[in-house]
Amino acid sequence: MTDLQQTLIEQLGDQCVSFDAGVLEAHAGDWSDAPRRSPQLVLTPRTPADVARALGLLSRLKQKVVVQGGLTGLAGGATPQAGEVAMSLAKMNAIEEFDQLGGTITVEAGLSLEQLQTHVEAQGWFFPLDLGARGSCQIGGNAATNAGGNRVVRFGVMRDLILGMEVALADGTVLTMMNKVTKNTTGIDLKQLFIGSEGILGVITRLVLKLEPKPTVSNTALCALGSFESATLLLKELRRGLPALSSFELMWDDFITAAMDVGGLKAPFATRSPVYVLVETLGAAEESERQALEAVLEAALENGIVDDVIVAQSLDHARQLWAYRETVGELLGKLKPHAAFDVGLPMTAMDGFVTTMKSTLTKRFPEQTHLFFGHLGDGNLHLLSGPYADPAAMHEVEARVYEQVRDAGGCISAEHGIGVIKQEFLHLSRSPAETDLMRKLKGLLDPSGILNDARVIAGPREDDSSAAIH
Ligand SMILES: Cc1cc2nc3c(=O)[nH]c(=O)nc-3n(C[C@H](O)[C@H](O)[C@H](O)COP(=O)(O)OP(=O)(O)OC[C@H]3O[C@@H](n4cnc5c(N)ncnc54)[C@H](O)[C@@H]3O)c2cc1C
């Protein structure tokens, strides 16, 4: 046993420390293609106090640590680097308080998104964040990455759903900010610093989340459209006519074909169309919401915005329509090693971006698959491109895509974060002054640099200031 292992066991108890080979391998990486590496050991604190105690100790030992939630991240942030220990929040999944009057819930950060959704729905409440990795990703990981997902167009991103938070800083200091009210103007809202900071500033241990009354009715429709422009017109019409609109998921034809292939699904329509949109409403008025949806879709069919429509006739039918979009997990697996992009683009630039990138990538990498899909209402476009056996080829794709994003006035990450795999491209989205301030904050909150070091912001770099978007 090493000195570090012995000290950690003495201080934290052997229940919290594991160096079993199988456990180390299970904590060797997230869902991204960042190279897997087993940590020295895995810490599994059971309480927020354990987290603080462990961090205090690691800080004194100057031992680097990587924070791990459900390991579904796509940016390599939770993947261990040389010499790091891993701190997994998996055993911290308690539901501490459920305020059914105010519609808030207080949970530990290691609770999975799906466990939370199921728990509140059983009691007539609803936590609107939803993403394909719901079964494994943790609420703390969702907060650390400021996750988005399928319902942002109506309910916002994770940041919009967090009222309060507790964070353990690298030296073991605990910031308890368990606010439960929507309006709080008592100085700087410090929790915002940690949302989306990917674990480089502190470990999120507990959260207070805002709930919605559980919708009792949902409607789902899959639409076939002739162009991206038609999709933007449909979105506008749906927003105008349907306050219950909760999802508007755009998929290009290649994506649907790949989804059919990997998921064993039938073609949704008799003929193919350039783009498809999956629409969902969530509400409480069965007849009027269905009628409103059908009215907008009928008008869209009549005036040629939409070519064809399938409206789900049952919950099972709705699941069948969602199945195309939900094959993303399988596609991510099938196209490994892949480059998975989650860029943000102004609506006006998205179509041109897709056309240019499709043609550039298909010419340059004809053997690879390049699939485009996205959350149109949020200006968030995904591109899944692979497999790339040659890392240099993957790097070339990343550079081409991110430079094009910069030129289009977008951002290089709208959902998954920077982690390790996008660090070298951060300057395309953030100015030197911004990254400098991020580094200063990191230095202030983690002076020894033990926490998720060398992620998001690497060491000082020679920035080309003309490349940054202001
Ligand atoms: C099939 C699939 C679909 C996905 N769909 C979406 C989507 O629609 N929208 C979306 O936004 N993302 C999506 N993702 C990405 C991923 O699920 C999210 O980023 C998720 O929020 C990560 O949560 P996690 O618990 O798995 O975090 P991890 O992968 O474990 O960690 C992610 C980052 O957060 C840090 N971290 C984790 N927990 C904490 C904590 N408690 N305190 C401080 N830092 C912490 C880690 O160090 C790391 O930097 C998808 C992933 C997959 C595999």
# chains A, B, ... in the order shown; residues from 1 in each chain; ligands from 1
>>> residues_near_ligand(ligand="ligand 1", cutoff="6 Å", atoms="only C-alpha atoms and all ligand atoms", output="PyMOL selection string")
chain A and resi 30-31+66-74+77-78+109+131-133+137-138+140-142+144-145+147-150+198-199+202-205+328-329+415-416+419
>>> residues_around(residues="region 307-317 of chain A", least_positions_apart="4", cutoff="8 Å", atoms="only C-alpha atoms", output="number ranges by chain")
A: 219-226, 269, 297, 301, 321
>>> closest_residue(among="A:Phe228, A:Val279, A:His427, A:Thr362", to="Ala349 (chain A)", atoms="only C-alpha atoms")
A:Phe228
>>> select_by_dssp(residues="region 235-334 of chain A", states="strand (DSSP E or B)", output="VMD selection string")
chain A and resid 245 to 252 275 to 283 308 to 311
>>> residues_around(residues="Arg37 (chain A)", least_positions_apart="6", cutoff="12 Å", atoms="only C-alpha atoms", output="count of residues only")
19
>>> residues_around(residues="Asp189 (chain A)", least_positions_apart="4", cutoff="10 Å", atoms="only C-alpha atoms", output="ChimeraX atom specification")
/A:164,177,184-185,193
>>> closest_residue(among="A:Glu287, A:Lys183, A:Gly156, A:Leu161", to="Ser246 (chain A)", atoms="only C-alpha atoms")
A:Gly156
>>> residues_around(residues="Thr360 (chain A)", least_positions_apart="6", cutoff="12 Å", atoms="only C-alpha atoms", output="PDB file with N, CA and C atoms, in the first residue's frame")
ATOM      1  N   PHE A 353     -23.779  27.048 -42.354  1.00  0.00           N
ATOM      2  CA  PHE A 353     -22.738  26.281 -41.663  1.00  0.00           C
ATOM      3  C   PHE A 353     -22.864  24.797 -42.001  1.00  0.00           C
ATOM      4  N   VAL A 354     -24.099  24.279 -41.927  1.00  0.00           N
ATOM      5  CA  VAL A 354     -24.307  22.849 -42.200  1.00  0.00           C
ATOM      6  C   VAL A 354     -23.942  22.533 -43.657  1.00  0.00           C
ATOM      7  N   PRO A 366     -14.206  11.194 -47.037  1.00  0.00           N
ATOM      8  CA  PRO A 366     -15.355  10.491 -47.630  1.00  0.00           C
ATOM      9  C   PRO A 366     -15.680   9.165 -46.952  1.00  0.00           C
ATOM     10  N   HIS A 370     -20.851  11.787 -41.287  1.00  0.00           N
ATOM     11  CA  HIS A 370     -20.978  13.128 -40.695  1.00  0.00           C
ATOM     12  C   HIS A 370     -22.468  13.403 -40.502  1.00  0.00           C
ATOM     13  N   GLU A 396      -7.804  17.592 -37.307  1.00  0.00           N
ATOM     14  CA  GLU A 396      -8.059  18.462 -38.472  1.00  0.00           C
ATOM     15  C   GLU A 396      -9.555  18.799 -38.568  1.00  0.00           C
ATOM     16  N   VAL A 397     -10.388  17.791 -38.334  1.00  0.00           N
ATOM     17  CA  VAL A 397     -11.841  18.027 -38.382  1.00  0.00           C
ATOM     18  C   VAL A 397     -12.232  19.051 -37.322  1.00  0.00           C
ATOM     19  N   ARG A 400     -11.153  22.555 -38.331  1.00  0.00           N
ATOM     20  CA  ARG A 400     -11.977  23.102 -39.434  1.00  0.00           C
ATOM     21  C   ARG A 400     -13.343  23.534 -38.907  1.00  0.00           C
ATOM     22  N   VAL A 401     -13.959  22.672 -38.100  1.00  0.00           N
ATOM     23  CA  VAL A 401     -15.306  22.988 -37.599  1.00  0.00           C
ATOM     24  C   VAL A 401     -15.262  24.220 -36.697  1.00  0.00           C
ATOM     25  N   GLN A 404     -14.728  27.503 -38.473  1.00  0.00           N
ATOM     26  CA  GLN A 404     -15.957  27.901 -39.168  1.00  0.00           C
ATOM     27  C   GLN A 404     -16.987  28.467 -38.168  1.00  0.00           C
TER      28      GLN A 404
END
>>> residues_around(residues="region 440-454 of chain A", least_positions_apart="3", cutoff="8 Å", atoms="only C-alpha atoms", output="PyMOL selection string")
chain A and resi 58-59+62-67+77-78+169-171+199-202+420+436-437+457-459
>>> atom_distance(atom1="CA of Asp261 (chain A)", atom2="CA of Arg325 (chain A)")
12.7 Å
>>> select_by_dssp(residues="region 373-461 of chain A", states="alpha helix (DSSP H)", output="number ranges by chain")
A: 391-407, 432-445
>>> residues_around(residues="region 92-103 of chain A", least_positions_apart="6", cutoff="10 Å", atoms="only C-alpha atoms", output="PyMOL selection string")
chain A and resi 44-48+51+109-112+115-116+119-120+123-127+138-140+180-181+205-213
>>> atom_distance(atom1="CA of Arg430 (chain A)", atom2="CA of Ile188 (chain A)")
22.4 Å
>>> closest_residue(among="A:Ser385, A:Met165, A:Glu367, A:Leu361", to="Phe194 (chain A)", atoms="only C-alpha atoms")
A:Met165
>>> atom_distance(atom1="CA of Glu434 (chain A)", atom2="CA of His395 (chain A)")
24.7 Å
>>> closest_residue(among="A:Thr176, A:Ser88, A:Thr106, A:Ser429", to="Val405 (chain A)", atoms="only C-alpha atoms")
A:Ser429
